[in-house]
$ cat coords_13.tsv   # TSV, C-alpha atoms
chain	number	residue	atom	x	y	z
A	8	MET	CA	86.72	55.05	156.82
A	9	ILE	CA	90.13	56.39	155.79
A	10	ASP	CA	91.56	52.87	155.95
A	11	ARG	CA	88.92	51.53	153.55
A	12	PHE	CA	89.35	54.48	151.17
A	13	LEU	CA	93.15	54.58	150.98
A	14	LEU	CA	93.86	50.87	151.16
A	15	ALA	CA	90.98	49.49	149.07
A	16	GLY	CA	92.08	46.27	147.42
A	17	ALA	CA	95.40	46.13	149.30
A	18	PRO	CA	96.20	43.09	151.45
A	19	ALA	CA	95.90	43.66	155.19
A	20	THR	CA	99.16	43.83	157.11
A	21	VAL	CA	100.27	43.89	160.71
A	22	GLY	CA	100.53	47.61	161.49
A	23	GLY	CA	98.07	50.44	160.98
A	24	THR	CA	97.46	52.77	158.07
A	25	PRO	CA	99.71	55.59	159.39
A	26	ARG	CA	102.70	53.23	159.54
A	27	ARG	CA	102.07	51.95	156.01
A	28	LEU	CA	101.65	55.42	154.55
A	29	LEU	CA	104.70	56.78	156.36
A	30	GLN	CA	106.89	53.95	155.05
A	31	LEU	CA	105.42	54.22	151.56
A	32	TYR	CA	106.05	57.95	151.14
A	33	ALA	CA	109.41	57.89	152.93
A	34	GLY	CA	110.51	55.11	150.59
A	35	LEU	CA	109.36	56.97	147.49
A	36	ALA	CA	111.02	60.21	148.61
A	37	LEU	CA	114.28	58.37	149.30
A	38	TYR	CA	114.02	56.71	145.90
A	39	GLY	CA	113.95	60.14	144.27
A	40	ALA	CA	116.91	61.23	146.38
A	41	SER	CA	118.86	58.14	145.32
A	42	MET	CA	118.21	58.99	141.67
A	43	ALA	CA	119.63	62.47	142.26
A	44	LEU	CA	122.79	61.04	143.86
A	45	LEU	CA	123.44	58.91	140.79
A	46	VAL	CA	122.79	61.86	138.48
A	47	ARG	CA	125.22	64.07	140.40
A	48	SER	CA	127.88	61.34	140.36
A	49	ALA	CA	127.99	61.69	136.54
A	50	LEU	CA	129.10	58.05	136.40
A	51	GLY	CA	125.90	56.63	134.97
A	52	VAL	CA	122.30	56.41	136.11
A	53	MET	CA	119.63	53.72	136.51
A	54	PRO	CA	118.48	52.07	133.26
A	55	TRP	CA	115.14	53.92	133.06
A	56	ASP	CA	116.85	57.19	134.03
A	57	VAL	CA	119.04	56.95	130.94
A	58	LEU	CA	115.79	57.37	129.00
A	59	HIS	CA	114.52	60.06	131.38
A	60	GLN	CA	117.74	62.04	131.03
A	61	GLY	CA	117.73	61.77	127.26
A	62	LEU	CA	114.13	62.97	127.01
A	63	ALA	CA	114.74	65.76	129.54
A	64	GLY	CA	117.61	67.08	127.44
A	65	ARG	CA	115.60	66.96	124.23
A	66	LEU	CA	112.41	68.44	125.67
A	67	GLY	CA	114.00	70.98	127.99
A	68	TRP	CA	112.05	69.58	130.94
A	69	SER	CA	113.33	68.75	134.40
A	70	LEU	CA	114.28	65.15	135.13
A	71	GLY	CA	111.42	64.89	137.60
A	72	ALA	CA	108.84	66.15	135.10
A	73	VAL	CA	109.96	63.60	132.53
A	74	THR	CA	109.95	60.85	135.18
A	75	ILE	CA	106.34	61.69	136.03
A	76	ALA	CA	105.28	61.88	132.37
A	77	VAL	CA	106.90	58.56	131.45
A	78	GLY	CA	105.45	56.92	134.55
A	79	ALA	CA	101.97	58.11	133.59
A	80	LEU	CA	102.37	56.79	130.04
A	81	VAL	CA	103.63	53.44	131.31
A	82	LEU	CA	100.66	53.29	133.66
A	83	LEU	CA	98.32	53.68	130.69
A	84	ALA	CA	99.98	50.62	129.17
A	85	TRP	CA	98.67	48.64	132.14
A	86	ILE	CA	95.14	48.86	130.73
A	87	PRO	CA	95.54	46.33	127.89
A	88	LEU	CA	97.73	44.21	130.18
A	89	ARG	CA	94.88	44.13	132.74
A	90	GLN	CA	97.09	45.22	135.60
A	91	ARG	CA	95.47	46.91	138.61
A	92	PRO	CA	97.33	49.83	140.20
A	93	GLY	CA	97.32	50.49	143.91
A	94	LEU	CA	97.84	53.59	146.01
A	95	GLY	CA	101.57	52.90	145.93
A	96	THR	CA	101.53	52.76	142.13
A	97	VAL	CA	99.89	56.14	141.67
A	98	SER	CA	102.01	57.68	144.43
A	99	ASN	CA	105.12	56.28	142.74
A	100	VAL	CA	104.37	58.23	139.57
A	101	LEU	CA	104.09	61.56	141.39
A	102	VAL	CA	106.31	61.44	144.47
A	103	ILE	CA	109.52	60.13	142.91
A	104	GLY	CA	109.54	62.82	140.22
A	105	LEU	CA	108.95	65.59	142.75
A	106	ALA	CA	111.60	64.18	145.09
A	107	VAL	CA	114.33	63.89	142.45
A	108	ASP	CA	113.82	67.50	141.34
A	109	ALA	CA	113.81	68.75	144.93
A	110	THR	CA	117.02	66.87	145.72
A	111	LEU	CA	118.78	68.00	142.55
A	112	ALA	CA	117.91	71.60	143.45
A	113	VAL	CA	119.94	71.43	146.69
A	114	LEU	CA	122.56	68.76	145.93
A	115	PRO	CA	125.76	70.10	144.34
A	116	ALA	CA	127.71	68.05	141.83
A	117	PRO	CA	131.04	66.82	143.25
A	118	THR	CA	134.21	67.23	141.22
A	119	ALA	CA	136.66	64.95	143.02
A	120	PRO	CA	136.66	61.37	141.68
A	121	ALA	CA	136.39	59.94	145.20
A	122	ALA	CA	133.34	62.08	145.96
A	123	ARG	CA	131.68	61.05	142.69
A	124	ALA	CA	132.29	57.39	143.51
A	125	GLY	CA	130.85	57.99	146.97
A	126	PHE	CA	127.70	59.48	145.45
A	127	LEU	CA	127.40	56.43	143.23
A	128	VAL	CA	127.70	53.95	146.08
A	129	ALA	CA	125.36	55.99	148.31
A	130	GLY	CA	122.82	56.24	145.51
A	131	VAL	CA	122.74	52.48	144.92
A	132	LEU	CA	122.51	51.66	148.63
A	133	LEU	CA	119.82	54.27	149.29
A	134	ASN	CA	117.84	53.06	146.28
A	135	ALA	CA	117.86	49.51	147.65
A	136	VAL	CA	116.56	50.70	151.02
A	137	ALA	CA	113.90	52.85	149.34
A	138	THR	CA	112.77	50.04	147.05
A	139	ALA	CA	112.43	47.54	149.88
A	140	ALA	CA	110.58	50.13	151.98
A	141	TYR	CA	107.87	50.96	149.46
A	142	ILE	CA	107.43	47.41	148.16
A	143	GLY	CA	107.23	46.15	151.75
A	144	VAL	CA	103.96	47.92	152.51
A	145	HIS	CA	102.07	45.95	149.82
A	146	LEU	CA	100.31	48.96	148.31
A	147	GLY	CA	101.14	48.29	144.67
A	148	PRO	CA	104.27	48.08	142.50
A	149	GLY	CA	105.80	50.94	140.53
A	150	PRO	CA	104.42	51.48	137.01
A	151	ARG	CA	107.55	50.14	135.32
A	152	ASP	CA	107.61	47.00	137.46
A	153	GLY	CA	103.93	46.46	136.72
A	154	LEU	CA	104.58	46.81	133.01
A	155	MET	CA	107.19	44.05	133.15
A	156	THR	CA	105.11	41.68	135.27
A	157	GLY	CA	102.08	42.35	133.05
A	158	LEU	CA	104.09	41.48	129.95
A	159	VAL	CA	105.30	38.30	131.64
A	160	LEU	CA	101.72	37.24	132.37
A	161	ARG	CA	100.43	38.10	128.88
A	162	THR	CA	103.33	36.65	126.88
A	163	GLY	CA	104.24	33.68	129.03
A	164	ARG	CA	107.91	34.63	128.74
A	165	SER	CA	110.32	34.58	131.67
A	166	VAL	CA	110.79	37.58	133.95
A	167	ARG	CA	114.47	37.65	133.03
A	168	LEU	CA	113.79	37.76	129.28
A	169	VAL	CA	111.07	40.42	129.51
A	170	ARG	CA	113.02	42.59	131.95
A	171	THR	CA	116.21	42.36	129.90
A	172	SER	CA	114.43	43.11	126.63
A	173	VAL	CA	112.56	46.11	128.02
A	174	GLU	CA	115.58	47.60	129.76
A	175	ILE	CA	117.90	47.12	126.80
A	176	GLY	CA	115.39	48.99	124.65
A	177	VAL	CA	114.99	51.72	127.27
A	178	VAL	CA	118.74	52.17	127.79
A	179	ALA	CA	119.53	52.15	124.07
A	180	THR	CA	116.84	54.73	123.32
A	181	GLY	CA	117.92	56.93	126.22
A	182	TRP	CA	121.58	56.75	125.23
A	183	LEU	CA	120.77	57.73	121.66
A	184	LEU	CA	118.84	60.71	123.04
A	185	GLY	CA	121.83	61.78	125.15
A	186	GLY	CA	121.22	60.04	128.48
A	187	THR	CA	124.17	59.14	130.72
A	188	LEU	CA	125.24	55.53	130.33
A	189	GLY	CA	128.27	54.59	132.39
A	190	VAL	CA	129.80	52.38	135.05
A	191	GLY	CA	127.09	53.47	137.49
A	192	THR	CA	124.42	51.94	135.25
A	193	VAL	CA	126.25	48.61	135.32
A	194	VAL	CA	126.91	48.75	139.07
A	195	TYR	CA	123.25	49.49	139.72
A	196	ALA	CA	122.03	46.68	137.46
A	197	LEU	CA	124.30	44.13	139.15
A	198	ALA	CA	123.88	45.24	142.77
A	199	ILE	CA	120.24	46.26	143.16
A	200	GLY	CA	118.71	42.79	143.02
A	201	PRO	CA	120.88	41.20	145.73
A	202	LEU	CA	120.60	44.28	147.95
A	203	VAL	CA	116.81	44.40	147.76
A	204	GLN	CA	116.62	40.66	148.41
A	205	VAL	CA	118.52	41.16	151.66
A	206	LEU	CA	116.58	44.25	152.76
A	207	LEU	CA	113.06	43.28	151.74
A	208	PRO	CA	112.35	40.82	154.59
A	209	ARG	CA	113.58	43.41	157.08
A	210	LEU	CA	111.41	46.24	155.80
A	211	SER	CA	108.30	44.30	154.78
A	212	LEU	CA	105.21	44.47	156.96
A	213	PRO	CA	103.89	40.95	157.70
A	214	LEU	CA	100.57	40.12	156.13
A	215	ALA	CA	97.71	39.92	158.62
A	216	GLY	CA	97.17	36.37	159.85
A	217	SER	CA	100.63	35.18	158.84
A	218	VAL	CA	102.94	33.53	161.36
A	219	PRO	CA	106.62	34.52	161.10
A	220	ALA	CA	108.99	31.61	160.77
A	221	THR	CA	111.38	31.12	163.68
A	222	GLN	CA	115.01	31.65	162.90
A	223	PRO	CA	117.78	29.64	164.62
A	224	ASP	CA	118.71	32.66	166.74
A	225	GLY	CA	115.15	32.92	168.05
A	226	HIS	CA	114.11	35.98	166.07
A	227	GLY	CA	111.12	35.94	163.74
A	228	GLY	CA	111.82	35.85	160.03
A	229	GLY	CA	109.80	36.69	156.94
A	230	ASP	CA	106.65	34.64	156.36
A	231	GLY	CA	106.46	32.34	153.34
A	232	GLU	CA	103.46	34.00	151.69
A	233	HIS	CA	105.06	37.41	152.13
A	234	GLU	CA	108.30	36.34	150.49
A	235	GLN	CA	106.50	34.65	147.59
A	236	ARG	CA	104.59	37.83	146.88
A	237	ASP	CA	107.65	40.07	146.89
A	238	ARG	CA	110.29	37.97	145.18
A	239	PRO	CA	108.81	38.50	141.69
A	240	ALA	CA	108.60	42.23	142.31
A	241	ALA	CA	112.19	42.37	143.45
A	242	ALA	CA	113.32	40.22	140.54
A	243	ALA	CA	111.50	42.44	138.08
A	244	GLY	CA	113.35	45.44	139.48
A	245	PRO	CA	112.47	48.69	141.16
A	246	CYS	CA	111.51	50.85	139.83
A	247	ARG	CA	112.21	50.41	139.88
A	248	GLU	CA	110.94	49.72	138.78
A	249	ASP	CA	111.32	50.13	137.86
A	250	GLN	CA	113.03	50.47	139.35
A	251	GLN	CA	110.12	52.80	140.06
$ encode --input "coords_13.tsv" --output "structure tokens"
Amino acid sequence: MIDRFLLAGAPATVGGTPRRLLQLYAGLALYGASMALLVRSALGVMPWDVLHQGLAGRLGWSLGAVTIAVGALVLLAWIPLRQRPGLGTVSNVLVIGLAVDATLAVLPAPTAPAARAGFLVAGVLLNAVATAAYIGVHLGPGPRDGLMTGLVLRTGRSVRLVRTSVEIGVVATGWLLGGTLGVGTVVYALAIGPLVQVLLPRLSLPLAGSVPATQPDGHGGGDGEHEQRDRPAAAAGPCREDQQ
């Protein structure tokens, strides 16, 4: 009964519901922690977090509260785009915002340049792991990723054009509002796609009935259907989306 309720509409995978839920919520919590590492580095944040930071400063809200509010508004935009959220989509809106606020509450800001750079690198790497983990359970994309893929389907434009247009608008608006735009934003934008591409096959649960391809070293690899499903999501970004 709990399987049918929680995973309604989600593709079946090898592995039970507890494993999928554990990986989903661990991935989302780590995503929030990775956001906090980038914030504390003070070297620039993820593209959508430039907007979140700018709004948080203007509204006097916490970064997590703004992240949740923006995620909910973006999710409403799915309605005219005819996108269908999953458990992972709704959880993304809530868990990441709570996790980033909780991490910021206990994570001090470093002052040494080397420590700040370390926070930046750790934040990008952790975000890639978190993104691959929550996408890999096939329970729905983040609201910002779904917005981009929905716009691609409705407009017929390329993923690259839609993603670039949306994120340029988001970053520009956030920067004008006072969000942190820096080298970390550029590093994240350049590194996250290749990192997720490497990690996604390793953290994805195989779809039920699929047969893993055999690698030259004898180990099973990612199945073709699985990779086809996840490549667009990874290309569109985490959210993450988006990023997130």
$ residues_around --input "coords_13.tsv" --residues "Leu83 (chain A)" --least-positions-apart "3" --cutoff "12 Å" --atoms "only C-alpha atoms" --output "PyMOL selection string"
chain A and resi 76-80+86-92+96-97+100+150-151+153-154
$ closest_residue --input "coords_13.tsv" --among "A:Arg65, A:Val136, A:Ala109, A:Arg123" --to "Leu202 (chain A)" --atoms "all atoms listed in the file"
A:Val136
$ closest_residue --input "coords_13.tsv" --among "A:Gly39, A:Gly163, A:Pro148, A:Gly189" --to "Ala106 (chain A)" --atoms "all atoms listed in the file"
A:Gly39
$ residues_near_point --input "coords_13.tsv" --point "(106.2, 49.3, 150.9)" --cutoff "9 Å" --atoms "all atoms listed in the file" --output "mmCIF file with C-alpha atoms, in the coordinates of the input"
data_model
loop_
_atom_site.group_PDB
_atom_site.id
_atom_site.type_symbol
_atom_site.label_atom_id
_atom_site.label_comp_id
_atom_site.auth_asym_id
_atom_site.auth_seq_id
_atom_site.Cartn_x
_atom_site.Cartn_y
_atom_site.Cartn_z
ATOM 1 C CA ARG A 27 102.070 51.950 156.010
ATOM 2 C CA LEU A 28 101.650 55.420 154.550
ATOM 3 C CA GLN A 30 106.890 53.950 155.050
ATOM 4 C CA LEU A 31 105.420 54.220 151.560
ATOM 5 C CA TYR A 32 106.050 57.950 151.140
ATOM 6 C CA GLY A 34 110.510 55.110 150.590
ATOM 7 C CA LEU A 35 109.360 56.970 147.490
ATOM 8 C CA GLY A 95 101.570 52.900 145.930
ATOM 9 C CA ALA A 137 113.900 52.850 149.340
ATOM 10 C CA THR A 138 112.770 50.040 147.050
ATOM 11 C CA ALA A 139 112.430 47.540 149.880
ATOM 12 C CA ALA A 140 110.580 50.130 151.980
ATOM 13 C CA TYR A 141 107.870 50.960 149.460
ATOM 14 C CA ILE A 142 107.430 47.410 148.160
ATOM 15 C CA GLY A 143 107.230 46.150 151.750
ATOM 16 C CA VAL A 144 103.960 47.920 152.510
ATOM 17 C CA HIS A 145 102.070 45.950 149.820
ATOM 18 C CA LEU A 146 100.310 48.960 148.310
ATOM 19 C CA GLY A 147 101.140 48.290 144.670
ATOM 20 C CA PRO A 148 104.270 48.080 142.500
ATOM 21 C CA LEU A 210 111.410 46.240 155.800
ATOM 22 C CA SER A 211 108.300 44.300 154.780
ATOM 23 C CA LEU A 212 105.210 44.470 156.960
#
$ atom_distance --input "coords_13.tsv" --atom1 "CA of Ala84 (chain A)" --atom2 "CA of Ala43 (chain A)"
26.4 Å
$ atom_distance --input "coords_13.tsv" --atom1 "CA of Leu111 (chain A)" --atom2 "CA of Met42 (chain A)"
9.1 Å
$ residues_around --input "coords_13.tsv" --residues "His59 (chain A)" --least-positions-apart "3" --cutoff "9 Å" --atoms "all atoms listed in the file" --output "ChimeraX atom specification"
/A:55-56,62-64,70-71,73-74,77,181,186
$ atom_distance --input "coords_13.tsv" --atom1 "CA of Pro213 (chain A)" --atom2 "CA of Leu197 (chain A)"
27.8 Å
$ closest_residue --input "coords_13.tsv" --among "A:Pro25, A:Gly157, A:Gly130, A:Gly67" --to "Val194 (chain A)" --atoms "all atoms listed in the file"
A:Gly130
$ closest_residue --input "coords_13.tsv" --among "A:Leu66, A:Val128, A:Ala33, A:Ala119" --to "Ile199 (chain A)" --atoms "only C-alpha atoms"
A:Val128
$ closest_residue --input "coords_13.tsv" --among "A:Leu206, A:Pro117, A:Leu37, A:Thr192" --to "Val102 (chain A)" --atoms "only C-alpha atoms"
A:Leu37
